[in-house]
Amino acid sequence: MTHSSNNSAHLPLILASTSTFRHELLSRLGIPFTCFAPNVDETPLAGEAVYDLVTRLSRLKAAAACETYPAALVIGSDQVAYCRGKVLGKPGHFAAAVEQLQWMSGQTVQFLTGLCVLNTATRQAETTIVEVEVQFRALTVAQIEAYLRKESALACAGSFRSEGLGIALTEAIRCDDPTALMGLPLITLVKLLNNLGFDVLTVST
C-alpha cells in the first residue's frame, strides 16, 4: 500500500466500473462521481494466486482511466469467490451458476474484493483487499435452481447476491465491512480516499 498526504479534495471522483451494484453503493456516500468503463480482461494469469488476481485487476481497472481522466481520483475494484482451491468469478449463464453453487454448497467460501484508489495526476495509489467469509448451507440442485430463477445473480461473483435472496443460501457471514460482499467495501474505500487527501465528509458537493 502506498500512502500519500497529498490533498486531492479538488479532484473529480471516477468509478472505473459498469456495475450497477457498485454505482448504487458509491451513491450512498452522497458525493458526485462519474462512471468509466475500464474494459479490462479479467482472465486469471497462469498460476496466479487469488490475492494477486484481485489486486492486479483492481489496479488495472483504475489505471485504465488515466488517459481519459489525467487529473482525477479513480476507484478500481474486482471481486472473486474462492472455494476449495477454485476461483469463482461471474458465471455469465445459468448452467455455470448452478455448477458454482453446487461447488460451494456446504462450504466456507472466501469472497475477496480488491480495491484501488489511484490519483491519476501523481500516480499515487492506495490498494488493499477486503475479505468476507461466507458459510453456505448444504443446498440441493432444486434449491439452487429455484434461487437462480428468482434472483439476478449471473453478474455476481460466485452467483451469490447477498443483498437479495442469496442470504437464504447461507448459515453465517463474517466480515468487518458489510458492503464488501456487494462489490464495493465502503468503510475501506473511505479510508483509502482519506489517505489520499479526499475526505468524503467535508468534500464539496
# chains A, B, ... in the order shown; residues from 1 in each chain; ligands from 1
>>> residues_around(residues="Phe94 (chain A)", least_positions_apart="2", cutoff="12 Å", atoms="only C-alpha atoms", output="list in words")
Lys90, Pro91, Gly92, Ala96, Ala97, Val98, Glu99, Gln100, Leu101, Ile144, Glu145, Ala146, Tyr147, Leu148, Arg149, Lys150, Glu151, Ser152, Ala153, Leu154, Ala155, Gly158 and Ser159 of chain A
>>> write_last_selection(atoms="C-alpha atoms", output="PDB file, in the first residue's frame")
ATOM      1  CA  LYS A  90     -19.162 -14.109 -12.596  1.00  0.00           C
ATOM      2  CA  PRO A  91     -20.910 -17.185 -14.022  1.00  0.00           C
ATOM      3  CA  GLY A  92     -22.422 -15.426 -17.041  1.00  0.00           C
ATOM      4  CA  ALA A  96     -22.361 -22.173 -14.858  1.00  0.00           C
ATOM      5  CA  ALA A  97     -24.157 -20.569 -11.909  1.00  0.00           C
ATOM      6  CA  VAL A  98     -25.674 -23.919 -10.904  1.00  0.00           C
ATOM      7  CA  GLU A  99     -22.226 -25.510 -11.092  1.00  0.00           C
ATOM      8  CA  GLN A 100     -20.682 -22.771  -8.943  1.00  0.00           C
ATOM      9  CA  LEU A 101     -23.306 -23.042  -6.231  1.00  0.00           C
ATOM     10  CA  ILE A 144     -30.084 -23.749  -6.323  1.00  0.00           C
ATOM     11  CA  GLU A 145     -32.179 -23.622  -9.495  1.00  0.00           C
ATOM     12  CA  ALA A 146     -35.118 -22.035  -7.657  1.00  0.00           C
ATOM     13  CA  TYR A 147     -32.791 -19.339  -6.271  1.00  0.00           C
ATOM     14  CA  LEU A 148     -31.328 -18.594  -9.687  1.00  0.00           C
ATOM     15  CA  ARG A 149     -34.786 -18.325 -11.282  1.00  0.00           C
ATOM     16  CA  LYS A 150     -35.803 -15.747  -8.672  1.00  0.00           C
ATOM     17  CA  GLU A 151     -32.570 -13.784  -8.264  1.00  0.00           C
ATOM     18  CA  SER A 152     -30.491 -11.920 -10.858  1.00  0.00           C
ATOM     19  CA  ALA A 153     -27.110 -13.287  -9.816  1.00  0.00           C
ATOM     20  CA  LEU A 154     -25.383 -14.083 -13.103  1.00  0.00           C
ATOM     21  CA  ALA A 155     -23.255 -10.917 -12.879  1.00  0.00           C
ATOM     22  CA  GLY A 158     -19.889 -16.977  -7.221  1.00  0.00           C
ATOM     23  CA  SER A 159     -23.511 -16.416  -8.311  1.00  0.00           C
TER      24      SER A 159
END
>>> select_by_dssp(residues="region 91-155 of chain A", states="strand (DSSP E)", output="mmCIF file with N, CA, C and O atoms, in the first residue's frame")
data_model
loop_
_atom_site.group_PDB
_atom_site.id
_atom_site.type_symbol
_atom_site.label_atom_id
_atom_site.label_comp_id
_atom_site.auth_asym_id
_atom_site.auth_seq_id
_atom_site.Cartn_x
_atom_site.Cartn_y
_atom_site.Cartn_z
ATOM 1 N N THR A 108 -17.276 -23.324 3.354
ATOM 2 C CA THR A 108 -16.910 -21.963 3.742
ATOM 3 C C THR A 108 -16.185 -21.323 2.568
ATOM 4 O O THR A 108 -15.196 -21.867 2.071
ATOM 5 N N VAL A 109 -16.706 -20.199 2.105
ATOM 6 C CA VAL A 109 -16.195 -19.554 0.891
ATOM 7 C C VAL A 109 -15.639 -18.176 1.237
ATOM 8 O O VAL A 109 -16.258 -17.427 1.997
ATOM 9 N N GLN A 110 -14.463 -17.859 0.698
ATOM 10 C CA GLN A 110 -13.879 -16.527 0.861
ATOM 11 C C GLN A 110 -14.280 -15.667 -0.338
ATOM 12 O O GLN A 110 -14.049 -16.058 -1.487
ATOM 13 N N PHE A 111 -14.862 -14.514 -0.062
ATOM 14 C CA PHE A 111 -15.129 -13.521 -1.099
ATOM 15 C C PHE A 111 -14.092 -12.419 -0.929
ATOM 16 O O PHE A 111 -14.035 -11.758 0.112
ATOM 17 N N LEU A 112 -13.253 -12.258 -1.945
ATOM 18 C CA LEU A 112 -12.142 -11.322 -1.884
ATOM 19 C C LEU A 112 -12.413 -10.153 -2.821
ATOM 20 O O LEU A 112 -12.679 -10.346 -4.012
ATOM 21 N N THR A 113 -12.355 -8.948 -2.275
ATOM 22 C CA THR A 113 -12.553 -7.742 -3.077
ATOM 23 C C THR A 113 -11.271 -6.925 -3.086
ATOM 24 O O THR A 113 -10.826 -6.443 -2.044
ATOM 25 N N GLY A 114 -10.674 -6.807 -4.270
ATOM 26 C CA GLY A 114 -9.527 -5.927 -4.437
ATOM 27 C C GLY A 114 -10.015 -4.509 -4.648
ATOM 28 O O GLY A 114 -10.995 -4.279 -5.357
ATOM 29 N N LEU A 115 -9.359 -3.558 -4.001
ATOM 30 C CA LEU A 115 -9.773 -2.160 -4.088
ATOM 31 C C LEU A 115 -8.548 -1.288 -4.317
ATOM 32 O O LEU A 115 -7.535 -1.422 -3.621
ATOM 33 N N CYS A 116 -8.635 -0.407 -5.312
ATOM 34 C CA CYS A 116 -7.545 0.512 -5.617
ATOM 35 C C CYS A 116 -8.118 1.905 -5.832
ATOM 36 O O CYS A 116 -9.109 2.073 -6.553
ATOM 37 N N VAL A 117 -7.513 2.896 -5.194
ATOM 38 C CA VAL A 117 -7.828 4.297 -5.477
ATOM 39 C C VAL A 117 -6.550 4.934 -6.018
ATOM 40 O O VAL A 117 -5.516 4.935 -5.351
ATOM 41 N N LEU A 118 -6.632 5.448 -7.227
ATOM 42 C CA LEU A 118 -5.466 5.982 -7.931
ATOM 43 C C LEU A 118 -5.635 7.470 -8.214
ATOM 44 O O LEU A 118 -6.652 7.889 -8.766
ATOM 45 N N ASN A 119 -4.639 8.257 -7.824
ATOM 46 C CA ASN A 119 -4.562 9.656 -8.222
ATOM 47 C C ASN A 119 -3.858 9.679 -9.575
ATOM 48 O O ASN A 119 -2.653 9.442 -9.655
ATOM 49 N N GLN A 124 -0.031 8.238 -7.572
ATOM 50 C CA GLN A 124 -0.029 7.666 -6.228
ATOM 51 C C GLN A 124 -1.291 6.832 -6.044
ATOM 52 O O GLN A 124 -2.365 7.214 -6.524
ATOM 53 N N ALA A 125 -1.152 5.700 -5.360
ATOM 54 C CA ALA A 125 -2.284 4.790 -5.233
ATOM 55 C C ALA A 125 -2.367 4.190 -3.836
ATOM 56 O O ALA A 125 -1.356 4.041 -3.146
ATOM 57 N N GLU A 126 -3.574 3.862 -3.461
ATOM 58 C CA GLU A 126 -3.847 3.098 -2.245
ATOM 59 C C GLU A 126 -4.548 1.814 -2.692
ATOM 60 O O GLU A 126 -5.572 1.866 -3.394
ATOM 61 N N THR A 127 -4.004 0.681 -2.311
ATOM 62 C CA THR A 127 -4.604 -0.596 -2.696
ATOM 63 C C THR A 127 -4.713 -1.516 -1.491
ATOM 64 O O THR A 127 -3.865 -1.483 -0.593
ATOM 65 N N THR A 128 -5.751 -2.335 -1.493
ATOM 66 C CA THR A 128 -5.924 -3.299 -0.407
ATOM 67 C C THR A 128 -6.886 -4.386 -0.850
ATOM 68 O O THR A 128 -7.475 -4.325 -1.942
ATOM 69 N N ILE A 129 -7.054 -5.396 -0.015
ATOM 70 C CA ILE A 129 -8.011 -6.481 -0.250
ATOM 71 C C ILE A 129 -8.900 -6.603 0.982
ATOM 72 O O ILE A 129 -8.405 -6.589 2.112
ATOM 73 N N VAL A 130 -10.201 -6.697 0.749
ATOM 74 C CA VAL A 130 -11.157 -6.921 1.836
ATOM 75 C C VAL A 130 -11.712 -8.332 1.685
ATOM 76 O O VAL A 130 -12.173 -8.717 0.607
ATOM 77 N N GLU A 131 -11.662 -9.083 2.764
ATOM 78 C CA GLU A 131 -12.086 -10.483 2.714
ATOM 79 C C GLU A 131 -13.343 -10.695 3.554
ATOM 80 O O GLU A 131 -13.452 -10.195 4.673
ATOM 81 N N VAL A 132 -14.281 -11.442 2.983
ATOM 82 C CA VAL A 132 -15.503 -11.827 3.689
ATOM 83 C C VAL A 132 -15.620 -13.343 3.644
ATOM 84 O O VAL A 132 -15.409 -13.957 2.592
ATOM 85 N N GLU A 133 -15.940 -13.936 4.763
ATOM 86 C CA GLU A 133 -16.089 -15.389 4.843
ATOM 87 C C GLU A 133 -17.575 -15.739 4.941
ATOM 88 O O GLU A 133 -18.278 -15.238 5.814
ATOM 89 N N VAL A 134 -18.027 -16.584 4.031
ATOM 90 C CA VAL A 134 -19.436 -16.973 3.996
ATOM 91 C C VAL A 134 -19.551 -18.485 4.153
ATOM 92 O O VAL A 134 -18.927 -19.244 3.399
ATOM 93 N N GLN A 135 -20.337 -18.904 5.126
ATOM 94 C CA GLN A 135 -20.636 -20.331 5.304
ATOM 95 C C GLN A 135 -21.946 -20.631 4.585
ATOM 96 O O GLN A 135 -23.007 -20.100 4.947
ATOM 97 N N PHE A 136 -21.871 -21.472 3.536
ATOM 98 C CA PHE A 136 -23.058 -21.815 2.771
ATOM 99 C C PHE A 136 -23.767 -23.036 3.350
ATOM 100 O O PHE A 136 -23.122 -23.955 3.867
#
>>> residues_around(residues="region 68-74 of chain A", least_positions_apart="6", cutoff="12 Å", atoms="only C-alpha atoms", output="MDAnalysis selection string")
chainID A and resid 6:17 32:38 58:62 115:127 189 192:198
>>> closest_residue(among="A:Leu26, A:Ala49, A:Leu139, A:Ile31", to="Val203 (chain A)", atoms="only C-alpha atoms")
A:Ile31
>>> select_by_dssp(residues="chain A", states="helix (DSSP H, G or I)", output="JSON, numbers by chain")
{"A": [20, 21, 22, 23, 24, 25, 26, 27, 50, 51, 52, 53, 54, 55, 56, 57, 58, 59, 60, 61, 62, 63, 94, 95, 96, 97, 98, 99, 100, 101, 102, 103, 104, 141, 142, 143, 144, 145, 146, 147, 148, 149, 150, 157, 158, 159, 165, 166, 167, 168, 169, 180, 181, 182, 186, 187, 188, 189, 190, 191, 192, 193, 194, 195]}
>>> atom_distance(atom1="CA of Ala142 (chain A)", atom2="CA of Val87 (chain A)")
23.9 Å
>>> residues_around(residues="Glu163 (chain A)", least_positions_apart="3", cutoff="10 Å", atoms="only C-alpha atoms", output="VMD selection string")
chain A and resid 160 166 to 167 179 181 to 182
